[in-house]
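J.: The following file, start_39.cif, comprises mmCIF, C-alpha atoms:
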data_target
loop_
_atom_site.group_PDB
_atom_site.id
_atom_site.type_symbol
_atom_site.label_atom_id
_atom_site.label_comp_id
_atom_site.auth_asym_id
_atom_site.auth_seq_id
_atom_site.Cartn_x
_atom_site.Cartn_y
_atom_site.Cartn_z
ATOM 1 C CA MET A 1 26.465 -32.410 15.160
ATOM 2 C CA ASN A 2 26.728 -30.898 11.697
ATOM 3 C CA ARG A 3 26.385 -27.331 10.567
ATOM 4 C CA ASP A 4 22.830 -27.935 9.302
ATOM 5 C CA ILE A 5 21.962 -28.068 12.982
ATOM 6 C CA LEU A 6 24.564 -25.640 14.322
ATOM 7 C CA VAL A 7 23.403 -22.644 12.267
ATOM 8 C CA PRO A 8 19.770 -22.764 13.462
ATOM 9 C CA LEU A 9 20.876 -23.664 16.996
ATOM 10 C CA ALA A 10 23.175 -20.610 17.097
ATOM 11 C CA SER A 11 20.457 -18.440 15.595
ATOM 12 C CA GLY A 12 17.836 -19.645 18.072
ATOM 13 C CA THR A 13 20.152 -19.250 21.048
ATOM 14 C CA ILE A 14 21.184 -15.691 20.154
ATOM 15 C CA PHE A 15 17.532 -14.953 19.377
ATOM 16 C CA GLY A 16 16.415 -16.217 22.798
ATOM 17 C CA ALA A 17 19.172 -14.255 24.540
ATOM 18 C CA GLY A 18 18.219 -11.088 22.647
ATOM 19 C CA LEU A 19 14.541 -11.505 23.512
ATOM 20 C CA THR A 20 15.453 -11.821 27.186
ATOM 21 C CA ILE A 21 17.885 -8.878 27.245
ATOM 22 C CA GLY A 22 15.401 -6.715 25.326
ATOM 23 C CA GLY A 23 12.624 -7.419 27.837
ATOM 24 C CA MET A 24 10.345 -9.321 25.490
ATOM 25 C CA THR A 25 10.159 -12.292 27.859
ATOM 26 C CA ASP A 26 8.627 -9.965 30.485
ATOM 27 C CA PRO A 27 4.877 -9.793 29.788
ATOM 28 C CA ALA A 28 4.619 -6.529 31.746
ATOM 29 C CA ARG A 29 7.166 -4.963 29.391
ATOM 30 C CA VAL A 30 5.281 -6.153 26.313
ATOM 31 C CA ARG A 31 1.865 -5.121 27.612
ATOM 32 C CA GLY A 32 3.378 -1.784 28.636
ATOM 33 C CA PHE A 33 4.344 -1.237 25.007
ATOM 34 C CA LEU A 34 0.851 -2.205 23.851
ATOM 35 C CA ASP A 35 -0.660 0.174 26.439
ATOM 36 C CA LEU A 36 -0.379 3.026 23.962
ATOM 37 C CA PHE A 37 -3.301 4.973 25.415
ATOM 38 C CA GLY A 38 -2.228 4.476 29.039
ATOM 39 C CA ASN A 39 1.188 4.243 30.702
ATOM 40 C CA TRP A 40 3.082 3.605 27.457
ATOM 41 C CA ASP A 41 6.515 1.933 27.618
ATOM 42 C CA PRO A 42 8.415 2.512 24.335
ATOM 43 C CA THR A 43 11.150 -0.077 25.061
ATOM 44 C CA LEU A 44 9.917 -2.584 22.492
ATOM 45 C CA ALA A 45 10.146 0.030 19.761
ATOM 46 C CA PHE A 46 13.901 0.044 20.444
ATOM 47 C CA VAL A 47 13.984 -3.771 20.297
ATOM 48 C CA MET A 48 12.158 -3.819 16.975
ATOM 49 C CA GLY A 49 14.183 -0.877 15.639
ATOM 50 C CA GLY A 50 17.516 -2.515 16.473
ATOM 51 C CA ALA A 51 16.476 -5.852 14.990
ATOM 52 C CA VAL A 52 15.071 -4.325 11.792
ATOM 53 C CA LEU A 53 18.192 -2.180 11.242
ATOM 54 C CA VAL A 54 20.524 -5.173 11.485
ATOM 55 C CA MET A 55 18.271 -7.271 9.254
ATOM 56 C CA ALA A 56 18.009 -4.497 6.681
ATOM 57 C CA VAL A 57 21.797 -4.732 6.298
ATOM 58 C CA ALA A 58 21.549 -8.526 6.125
ATOM 59 C CA TRP A 59 19.060 -8.239 3.212
ATOM 60 C CA LEU A 60 21.502 -5.959 1.372
ATOM 61 C CA ILE A 61 24.211 -8.597 1.785
ATOM 62 C CA GLN A 62 21.809 -11.383 0.801
ATOM 63 C CA ARG A 63 21.094 -9.713 -2.547
ATOM 64 C CA ARG A 64 24.772 -10.037 -3.446
ATOM 65 C CA MET A 65 25.038 -13.699 -2.495
ATOM 66 C CA ALA A 66 24.440 -16.507 -4.972
ATOM 67 C CA ARG A 67 23.656 -18.941 -2.167
ATOM 68 C CA PRO A 68 23.710 -19.063 1.640
ATOM 69 C CA ILE A 69 26.993 -19.900 3.364
ATOM 70 C CA PHE A 70 25.870 -23.294 4.692
ATOM 71 C CA ALA A 71 23.016 -24.293 2.373
ATOM 72 C CA GLU A 72 22.417 -25.042 -1.289
ATOM 73 C CA GLY A 73 20.010 -22.183 -1.879
ATOM 74 C CA PHE A 74 17.723 -19.575 -0.344
ATOM 75 C CA SER A 75 14.210 -20.661 0.681
ATOM 76 C CA LEU A 76 12.405 -17.371 1.161
ATOM 77 C CA PRO A 77 8.768 -16.250 1.021
ATOM 78 C CA ASP A 78 7.960 -14.586 -2.305
ATOM 79 C CA ARG A 79 4.257 -13.831 -1.978
ATOM 80 C CA SER A 80 2.974 -10.287 -2.297
ATOM 81 C CA ASP A 81 -0.792 -10.821 -2.333
ATOM 82 C CA LEU A 82 -2.800 -9.181 0.440
ATOM 83 C CA THR A 83 -5.489 -11.580 1.599
ATOM 84 C CA ALA A 84 -8.301 -11.568 4.155
ATOM 85 C CA ARG A 85 -6.576 -14.547 5.718
ATOM 86 C CA LEU A 86 -3.384 -12.536 6.274
ATOM 87 C CA VAL A 87 -5.234 -9.606 7.826
ATOM 88 C CA GLY A 88 -7.676 -11.741 9.838
ATOM 89 C CA GLY A 89 -4.925 -13.995 11.163
ATOM 90 C CA SER A 90 -2.721 -11.042 12.076
ATOM 91 C CA ALA A 91 -5.675 -9.351 13.802
ATOM 92 C CA LEU A 92 -6.254 -12.484 15.897
ATOM 93 C CA PHE A 93 -2.561 -12.756 16.712
ATOM 94 C CA GLY A 94 -2.522 -9.167 17.998
ATOM 95 C CA ILE A 95 -5.470 -9.900 20.299
ATOM 96 C CA GLY A 96 -3.744 -12.943 21.783
ATOM 97 C CA TRP A 97 -0.480 -11.001 22.088
ATOM 98 C CA GLY A 98 -2.275 -8.241 23.996
ATOM 99 C CA ILE A 99 -4.083 -10.585 26.378
ATOM 100 C CA ALA A 100 -1.026 -12.261 27.908
ATOM 101 C CA GLY A 101 1.858 -10.117 26.622
ATOM 102 C CA LEU A 102 3.482 -13.084 24.878
ATOM 103 C CA CYS A 103 4.191 -13.864 21.237
ATOM 104 C CA PRO A 104 5.659 -17.183 20.027
ATOM 105 C CA GLY A 105 9.401 -16.421 20.424
ATOM 106 C CA PRO A 106 9.212 -15.165 24.017
ATOM 107 C CA GLY A 107 6.762 -18.000 24.789
ATOM 108 C CA PHE A 108 9.393 -20.610 23.920
ATOM 109 C CA ALA A 109 12.238 -18.613 25.476
ATOM 110 C CA ALA A 110 10.278 -18.244 28.722
ATOM 111 C CA LEU A 111 10.324 -22.047 29.134
ATOM 112 C CA ALA A 112 13.701 -21.366 30.767
ATOM 113 C CA ILE A 113 12.373 -18.478 32.880
ATOM 114 C CA ALA A 114 8.919 -19.487 34.132
ATOM 115 C CA PRO A 115 8.525 -23.094 32.933
ATOM 116 C CA GLY A 116 4.996 -23.664 34.235
ATOM 117 C CA SER A 117 3.418 -20.527 32.765
ATOM 118 C CA ALA A 118 5.394 -20.754 29.532
ATOM 119 C CA ALA A 119 4.490 -24.431 29.040
ATOM 120 C CA ILE A 120 0.775 -23.626 29.350
ATOM 121 C CA PHE A 121 1.122 -20.871 26.738
ATOM 122 C CA VAL A 122 3.232 -22.985 24.373
ATOM 123 C CA ILE A 123 0.905 -26.011 24.549
ATOM 124 C CA ALA A 124 -2.116 -23.770 23.905
ATOM 125 C CA LEU A 125 -0.226 -22.162 21.003
ATOM 126 C CA LEU A 126 0.445 -25.586 19.471
ATOM 127 C CA VAL A 127 -3.202 -26.584 19.969
ATOM 128 C CA GLY A 128 -4.228 -23.447 18.064
ATOM 129 C CA MET A 129 -1.798 -24.296 15.260
ATOM 130 C CA LEU A 130 -3.060 -27.880 15.201
ATOM 131 C CA ALA A 131 -6.654 -26.616 14.939
ATOM 132 C CA VAL A 132 -5.788 -24.641 11.805
ATOM 133 C CA ARG A 133 -4.021 -27.689 10.398
ATOM 134 C CA LEU A 134 -6.999 -29.954 11.046
ATOM 135 C CA VAL A 135 -9.561 -27.541 9.628
ATOM 136 C CA GLU A 136 -7.561 -26.805 6.503
ATOM 137 C CA GLY A 137 -6.073 -30.228 5.927
ATOM 138 C CA GLN A 138 -2.481 -30.747 4.910
ATOM 139 C CA GLY A 139 -0.714 -28.984 2.109
ATOM 140 C CA MET B 1 19.919 5.254 30.606
ATOM 141 C CA MET B 2 16.530 6.828 31.200
ATOM 142 C CA LEU B 3 14.260 8.097 28.505
ATOM 143 C CA PRO B 4 12.784 11.504 29.388
ATOM 144 C CA GLY B 5 9.073 11.141 30.101
ATOM 145 C CA PHE B 6 9.207 7.342 30.185
ATOM 146 C CA LEU B 7 10.625 6.363 33.565
ATOM 147 C CA ASP B 8 10.034 2.624 33.125
ATOM 148 C CA ALA B 9 11.598 2.384 29.670
ATOM 149 C CA ALA B 10 14.896 0.561 29.117
ATOM 150 C CA PRO B 11 15.918 1.859 25.681
ATOM 151 C CA LEU B 12 19.557 0.673 25.759
ATOM 152 C CA ALA B 13 18.700 -2.855 26.895
ATOM 153 C CA GLY B 14 15.944 -2.862 24.292
ATOM 154 C CA LEU B 15 18.315 -1.757 21.546
ATOM 155 C CA ALA B 16 20.966 -4.296 22.609
ATOM 156 C CA GLY B 17 18.396 -7.092 22.650
ATOM 157 C CA GLY B 18 17.053 -5.947 19.303
ATOM 158 C CA VAL B 19 20.504 -5.954 17.695
ATOM 159 C CA MET B 20 21.027 -9.519 18.963
ATOM 160 C CA ILE B 21 17.663 -10.587 17.529
ATOM 161 C CA GLY B 22 18.653 -8.987 14.225
ATOM 162 C CA LEU B 23 22.002 -10.816 14.268
ATOM 163 C CA ALA B 24 20.233 -14.099 15.012
ATOM 164 C CA ALA B 25 17.873 -13.557 12.077
ATOM 165 C CA ALA B 26 20.839 -12.565 9.879
ATOM 166 C CA ILE B 27 22.652 -15.807 10.767
ATOM 167 C CA MET B 28 19.554 -17.763 9.752
ATOM 168 C CA LEU B 29 19.206 -15.817 6.492
ATOM 169 C CA LEU B 30 22.833 -15.716 5.375
ATOM 170 C CA GLY B 31 23.824 -19.062 6.913
ATOM 171 C CA ALA B 32 20.837 -21.317 6.249
ATOM 172 C CA GLY B 33 19.031 -19.209 3.633
ATOM 173 C CA ARG B 34 15.812 -19.055 5.649
ATOM 174 C CA ILE B 35 13.562 -16.657 7.535
ATOM 175 C CA ALA B 36 13.876 -16.754 11.338
ATOM 176 C CA GLY B 37 10.133 -16.709 11.900
ATOM 177 C CA VAL B 38 9.362 -18.380 15.208
ATOM 178 C CA SER B 39 5.737 -19.348 14.560
ATOM 179 C CA GLY B 40 6.535 -20.982 11.223
ATOM 180 C CA ILE B 41 9.632 -22.774 12.489
ATOM 181 C CA ALA B 42 7.811 -24.009 15.621
ATOM 182 C CA ALA B 43 4.934 -25.305 13.497
ATOM 183 C CA ARG B 44 7.479 -27.092 11.304
ATOM 184 C CA ALA B 45 9.298 -28.574 14.331
ATOM 185 C CA PHE B 46 6.087 -30.019 15.751
ATOM 186 C CA GLY B 47 4.908 -31.346 12.397
ATOM 187 C CA LEU B 48 2.098 -28.786 12.151
ATOM 188 C CA ALA B 49 3.269 -27.276 8.883
ATOM 189 C CA ASP B 50 4.610 -28.578 5.613
ATOM 190 C CA GLY B 51 7.708 -27.119 4.076
ATOM 191 C CA SER B 52 11.181 -27.764 2.822
ATOM 192 C CA GLN B 53 12.902 -27.063 6.133
ATOM 193 C CA PRO B 54 14.264 -30.263 7.728
ATOM 194 C CA ARG B 55 12.502 -30.802 11.048
ATOM 195 C CA SER B 56 15.849 -31.348 12.794
ATOM 196 C CA GLN B 57 16.823 -27.818 11.746
ATOM 197 C CA ALA B 58 13.528 -26.424 13.042
ATOM 198 C CA TRP B 59 14.015 -28.223 16.348
ATOM 199 C CA ALA B 60 17.542 -26.846 16.714
ATOM 200 C CA PHE B 61 16.216 -23.282 16.388
ATOM 201 C CA VAL B 62 13.307 -23.875 18.794
ATOM 202 C CA ILE B 63 15.576 -25.465 21.428
ATOM 203 C CA GLY B 64 17.958 -22.516 21.106
ATOM 204 C CA LEU B 65 15.292 -20.022 22.240
ATOM 205 C CA PRO B 66 15.043 -21.186 25.898
ATOM 206 C CA LEU B 67 18.757 -21.998 25.846
ATOM 207 C CA GLY B 68 19.576 -18.354 25.096
ATOM 208 C CA ALA B 69 17.121 -17.167 27.729
ATOM 209 C CA LEU B 70 18.669 -19.548 30.259
ATOM 210 C CA ILE B 71 22.171 -18.217 29.564
ATOM 211 C CA VAL B 72 21.050 -14.592 30.041
ATOM 212 C CA MET B 73 19.078 -15.368 33.202
ATOM 213 C CA SER B 74 22.046 -17.226 34.753
ATOM 214 C CA LEU B 75 24.465 -14.433 33.866
ATOM 215 C CA THR B 76 22.244 -11.620 35.154
ATOM 216 C CA GLY B 77 20.648 -13.511 38.031
ATOM 217 C CA ALA B 78 17.434 -11.632 37.337
ATOM 218 C CA ALA B 79 14.213 -12.807 38.970
ATOM 219 C CA ALA B 80 11.462 -14.301 36.818
ATOM 220 C CA PRO B 81 8.813 -11.719 35.874
ATOM 221 C CA ALA B 82 5.079 -12.123 36.450
ATOM 222 C CA PHE B 83 2.991 -14.023 33.902
ATOM 223 C CA ALA B 84 -0.748 -14.119 33.249
ATOM 224 C CA SER B 85 -3.035 -16.645 34.962
ATOM 225 C CA PRO B 86 -3.247 -20.156 33.469
ATOM 226 C CA ALA B 87 -6.724 -19.420 32.088
ATOM 227 C CA LEU B 88 -5.556 -16.284 30.280
ATOM 228 C CA LEU B 89 -2.401 -18.067 29.042
ATOM 229 C CA VAL B 90 -4.556 -20.799 27.496
ATOM 230 C CA ILE B 91 -6.889 -18.306 25.801
ATOM 231 C CA ALA B 92 -4.008 -16.152 24.576
ATOM 232 C CA GLY B 93 -1.969 -19.156 23.431
ATOM 233 C CA VAL B 94 -4.757 -20.655 21.332
ATOM 234 C CA ILE B 95 -5.537 -17.281 19.716
ATOM 235 C CA VAL B 96 -1.851 -16.660 18.968
ATOM 236 C CA GLY B 97 -1.511 -20.179 17.526
ATOM 237 C CA VAL B 98 -4.499 -19.812 15.224
ATOM 238 C CA GLY B 99 -3.667 -16.224 14.294
ATOM 239 C CA THR B 100 -0.017 -16.810 13.424
ATOM 240 C CA ARG B 101 -0.827 -19.791 11.196
ATOM 241 C CA LEU B 102 -3.592 -17.948 9.337
ATOM 242 C CA GLY B 103 -1.502 -14.784 9.183
ATOM 243 C CA SER B 104 1.640 -16.682 8.084
ATOM 244 C CA GLY B 105 3.859 -15.191 10.762
ATOM 245 C CA CYS B 106 4.361 -13.286 13.973
ATOM 246 C CA THR B 107 6.569 -10.568 15.448
ATOM 247 C CA SER B 108 9.745 -12.252 14.208
ATOM 248 C CA GLY B 109 8.837 -13.390 10.696
ATOM 249 C CA HIS B 110 6.687 -10.418 9.717
ATOM 250 C CA GLY B 111 8.088 -7.896 12.203
ATOM 251 C CA VAL B 112 11.853 -8.408 12.085
ATOM 252 C CA CYS B 113 12.427 -10.281 8.818
ATOM 253 C CA GLY B 114 9.558 -9.003 6.666
ATOM 254 C CA MET B 115 9.547 -5.317 7.583
ATOM 255 C CA SER B 116 13.309 -5.027 7.090
ATOM 256 C CA ARG B 117 12.759 -6.351 3.566
ATOM 257 C CA LEU B 118 9.827 -3.969 3.007
ATOM 258 C CA SER B 119 7.529 -6.909 2.293
ATOM 259 C CA GLN B 120 4.067 -5.564 1.567
ATOM 260 C CA ARG B 121 2.406 -8.525 3.275
ATOM 261 C CA SER B 122 4.550 -8.114 6.380
ATOM 262 C CA LEU B 123 3.922 -4.376 6.623
ATOM 263 C CA VAL B 124 0.169 -5.032 6.503
ATOM 264 C CA ALA B 125 0.467 -7.873 9.034
ATOM 265 C CA VAL B 126 2.501 -5.773 11.487
ATOM 266 C CA ALA B 127 0.166 -2.780 11.207
ATOM 267 C CA THR B 128 -2.764 -5.113 11.846
ATOM 268 C CA PHE B 129 -1.411 -6.994 14.856
ATOM 269 C CA MET B 130 -0.072 -3.828 16.429
ATOM 270 C CA ALA B 131 -3.484 -2.197 16.050
ATOM 271 C CA THR B 132 -5.377 -5.119 17.584
ATOM 272 C CA GLY B 133 -2.703 -5.455 20.289
ATOM 273 C CA PHE B 134 -3.139 -1.802 21.263
ATOM 274 C CA ALA B 135 -6.935 -2.176 21.155
ATOM 275 C CA THR B 136 -6.886 -5.361 23.254
ATOM 276 C CA VAL B 137 -4.817 -3.850 26.062
ATOM 277 C CA ALA B 138 -6.888 -0.652 25.973
ATOM 278 C CA ALA B 139 -10.121 -2.635 26.143
ATOM 279 C CA MET B 140 -8.895 -4.853 28.983
ATOM 280 C CA ASN B 141 -7.742 -1.794 30.926
ATOM 281 C CA ALA B 142 -11.091 -0.087 30.350
ATOM 282 C CA LEU B 143 -12.861 -3.194 31.657
ATOM 283 C CA GLY B 144 -10.516 -3.303 34.655
ATOM 284 C CA ILE B 145 -9.117 -6.744 33.801
ATOM 285 C CA GLU B 146 -5.837 -7.223 35.692
ATOM 286 C CA VAL B 147 -3.463 -9.572 33.866
ATOM 287 C CA LEU B 148 -0.202 -9.384 35.813
ATOM 288 C CA SER B 149 -0.476 -8.936 39.540
#
Any chance you could give the structure as structure tokens?
T.:
Amino acid sequence: MNRDILVPLASGTIFGAGLTIGGMTDPARVRGFLDLFGNWDPTLAFVMGGAVLVMAVAWLIQRRMARPIFAEGFSLPDRSDLTARLVGGSALFGIGWGIAGLCPGPGFAALAIAPGSAAIFVIALLVGMLAVRLVEGQG
Amino acid sequence: MMLPGFLDAAPLAGLAGGVMIGLAAAIMLLGAGRIAGVSGIAARAFGLADGSQPRSQAWAFVIGLPLGALIVMSLTGAAAPAFASPALLVIAGVIVGVGTRLGSGCTSGHGVCGMSRLSQRSLVAVATFMATGFATVAAMNALGIEVLS
């Protein structure tokens, strides 16, 4: 196994562990956070706050790096245009997130927690992604 | 630690988990030079998106997610939480799949990686999916739809 694989494997594993410790793999926890007008649970604000703080430092470091430690160059999004597609897609995502209390990361992580339920969600998620791919074509 | 007024909240566990998620995203950024956005990487792993990321790299990240969850669950011995019914999981999954592809990201790519970079697109995306997430749960509660029982 080379480091091209080890870096994303380490990242994914720490990511999955963090999601689980932070309560994001518990749909009740997530829906409690989204229940702003009811019995609100602010825990996920702490998850997001902690993650954003650490990443804000990482972006400061990134600006001073000519290239990543284990890759030839940075491959980062550079778009700044606000489109109907961005807003419409994000609106849909929020609806799906609210219905079951799962977003993509916790969906995959939960394969190790509640395999049956998580597999149903993940397969449906991939079907949704495939639908976009088929409608829009490749590229 | 308890948060006054919010008896169910777990702020310290949330913060600890969040810091780990941030570290994971930082490893991806500074190590591999890429955004740790789960929806985009998953789409790449399953051949549902084009891009420069090698699919083996995308697979390694995706496989790590349940691996990390498994490690935490075995160390803590915590019981599995309740999940929505299969019908609701299918509906939610399809909507999340379509929405994250059209919206170019989810809670990790836009939320963790984009917001911390003050990306205008990510700030708009997060404000939008938070708003519809709040509205969805409020509407389901108003209609008396039980999701986790």
J.: For the provided coordinates, the residues matched by the PyMOL selection byres ((chain B and resi 51-68) around 7) should be stated as a ChimeraX atom specification.
T.: /A:4-5,8-17,108-112 /B:41-42,44-45,49-50,69-72
J.: Extract, using only C-alpha atoms, all DNA, RNA and protein residues at most 6 Å from Ala51 of chain A, discarding same-chain residues fewer than 6 positions from it, and format them as a list in words.
T.: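 Within the cut-off, the hits are Gly18, Val19, Ile21 and Gly22 of chain B.
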J.: Would you kindly translate the PyMOL selection byres ((chain B and resi 33) around 9) into the concrete residues it picks from this file, as a list in words?
T.: Gln62, Arg67, Pro68, Ile69, Phe70, Ala71, Glu72, Gly73, Phe74, Ser75 and Leu76 of chain A; Ile27, Met28, Leu29, Leu30, Gly31, Ala32, Arg34 and Ile35 of chain B
J.: Emit the selected residues as a CSV table (one decimal), keeping the file's coordinate frame, including C-alpha atoms.
T.:
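Written file, again-v5.csv:
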chain,number,residue,atom,x,y,z
A,62,GLN,CA,21.8,-11.4,0.8
A,67,ARG,CA,23.7,-18.9,-2.2
A,68,PRO,CA,23.7,-19.1,1.6
A,69,ILE,CA,27.0,-19.9,3.4
A,70,PHE,CA,25.9,-23.3,4.7
A,71,ALA,CA,23.0,-24.3,2.4
A,72,GLU,CA,22.4,-25.0,-1.3
A,73,GLY,CA,20.0,-22.2,-1.9
A,74,PHE,CA,17.7,-19.6,-0.3
A,75,SER,CA,14.2,-20.7,0.7
A,76,LEU,CA,12.4,-17.4,1.2
B,27,ILE,CA,22.7,-15.8,10.8
B,28,MET,CA,19.6,-17.8,9.8
B,29,LEU,CA,19.2,-15.8,6.5
B,30,LEU,CA,22.8,-15.7,5.4
B,31,GLY,CA,23.8,-19.1,6.9
B,32,ALA,CA,20.8,-21.3,6.2
B,34,ARG,CA,15.8,-19.1,5.6
B,35,ILE,CA,13.6,-16.7,7.5
J.: In Å to one decimal, how far is atom CA of Ala24 of chain B from atom CA of Val38 of chain B?
T.: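 Those two atoms sit 11.7 Å apart.
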J.: Take every atom of segment 91-108 of chain B listed in the file, pad by 5 Å on each side, and give me the axis-aligned box centre and edge lengths in Å, one decimal, as AutoDock Vina command-line options.
T.:
--center_x 1.4 --center_y -15.6 --center_z 16.9 --size_x 26.6 --size_y 20.1 --size_z 27.7
J.: Give me, please, the distance in Å between atom CA of Ser117 of chain A and atom CA of Cys103 of chain A, quoted to one decimal.
T.: 13.3 Å
J.: What is the atom CA of Met73 of chain B-atom CA of Ile113 of chain A distance in Å, reported with one decimal?
T.: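 Taking atom CA of Met73 of chain B as the start and atom CA of Ile113 of chain A as the end point, the length is 7.4 Å.
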J.: So which one's closest to chain A, B:Ala36, B:Leu7, B:Ala87, B:Leu15? Using only C-alpha atoms, please.
T.: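 Among the listed residues, B:Leu15 lies closest to chain A.
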J.: Name the closest residue to chain A among the candidates B:Ala142, B:Ala127, B:Val137, B:Ala78; distances are taken between atoms, counting all atoms listed in the file.
T.: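 Once distances to chain A are computed over all atoms listed in the file, the minimum belongs to B:Val137.
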J.: If we count only C-alpha atoms, what is near segment 53-60 of chain A at a cut-off of 7 Å, once residues fewer than 4 positions away on the same chain are taken out, given as a list in words?
T.: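 Within the cut-off, the hits are Gly49 of chain A; Val19, Gly22, Leu23, Ala25, Ala26, Cys113, Ser116 and Arg117 of chain B.
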J.: Starting from the shown file, work through the PyMOL selection byres ((chain A and resi 92) around 12) and note down what comes out as a ChimeraX atom specification.
T.: /A:84-91,93-99,103,128 /B:91-106,125-126,128-133,135-136
J.: With only C-alpha atoms as the atoms that count, which of A:Gly18, A:Gly116, A:Thr25, A:Arg63 lies nearest to chain B?
T.: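 Smallest distance to chain B is found for A:Gly18.
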J.: Please determine, counting all atoms listed in the file, which residue among B:Leu75, B:Ala43, B:Leu143, B:Leu123 has the shortest atom-to-atom distance to chain A.
T.: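 Closest to chain A, using all atoms listed in the file: B:Ala43.
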J.: Return the single residue from A:Pro27, A:Gly105, A:Gly137, A:Gly22 that is closest to Gly50 of chain A, with distances computed using only C-alpha atoms.
T.: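 Ranked by minimum distance to Gly50 of chain A, first place goes to A:Gly22.
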J.: Ser119 of chain B: which residues within 10 Å, counting all atoms listed in the file, same-chain residues fewer than 3 positions away excluded, as a count of residues only?
T.: 14
J.: Please, can segment 58-74 of chain A be completed to N, CA and C atoms and returned as a short mmCIF file (atom, residue, chain, number, x, y, z; two decimals), in the frame of the given file?
T.:
data_model
loop_
_atom_site.label_atom_id
_atom_site.label_comp_id
_atom_site.auth_asym_id
_atom_site.auth_seq_id
_atom_site.Cartn_x
_atom_site.Cartn_y
_atom_site.Cartn_z
N ALA A 58 21.43 -7.12 6.54
CA ALA A 58 21.55 -8.53 6.12
C ALA A 58 20.87 -8.76 4.76
N TRP A 59 19.74 -8.09 4.52
CA TRP A 59 19.06 -8.24 3.21
C TRP A 59 19.91 -7.64 2.09
N LEU A 60 20.62 -6.55 2.39
CA LEU A 60 21.50 -5.96 1.37
C LEU A 60 22.62 -6.94 1.01
N ILE A 61 23.16 -7.61 2.04
CA ILE A 61 24.21 -8.60 1.78
C ILE A 61 23.64 -9.79 1.02
N GLN A 62 22.44 -10.21 1.42
CA GLN A 62 21.81 -11.38 0.80
C GLN A 62 21.64 -11.20 -0.70
N ARG A 63 21.32 -9.97 -1.11
CA ARG A 63 21.09 -9.71 -2.55
C ARG A 63 22.35 -9.95 -3.37
N ARG A 64 23.51 -9.86 -2.73
CA ARG A 64 24.77 -10.04 -3.45
C ARG A 64 25.32 -11.46 -3.33
N MET A 65 24.57 -12.32 -2.67
CA MET A 65 25.04 -13.70 -2.50
C MET A 65 24.32 -14.63 -3.47
N ALA A 66 25.06 -15.54 -4.07
CA ALA A 66 24.44 -16.51 -4.97
C ALA A 66 23.72 -17.58 -4.17
N ARG A 67 24.25 -17.90 -3.02
CA ARG A 67 23.66 -18.94 -2.17
C ARG A 67 24.09 -18.69 -0.73
N PRO A 68 23.33 -19.24 0.24
CA PRO A 68 23.71 -19.06 1.64
C PRO A 68 25.04 -19.77 1.94
N ILE A 69 25.67 -19.37 3.04
CA ILE A 69 26.99 -19.90 3.36
C ILE A 69 26.95 -21.40 3.61
N PHE A 70 25.90 -21.88 4.32
CA PHE A 70 25.87 -23.29 4.69
C PHE A 70 24.69 -24.05 4.09
N ALA A 71 24.14 -23.56 2.98
CA ALA A 71 23.02 -24.29 2.37
C ALA A 71 23.11 -24.17 0.86
N GLU A 72 22.35 -25.01 0.18
CA GLU A 72 22.42 -25.04 -1.29
C GLU A 72 21.77 -23.82 -1.93
N GLY A 73 20.69 -23.34 -1.30
CA GLY A 73 20.01 -22.18 -1.88
C GLY A 73 19.15 -21.47 -0.85
N PHE A 74 18.61 -20.32 -1.24
CA PHE A 74 17.72 -19.58 -0.34
C PHE A 74 16.30 -20.12 -0.47
#
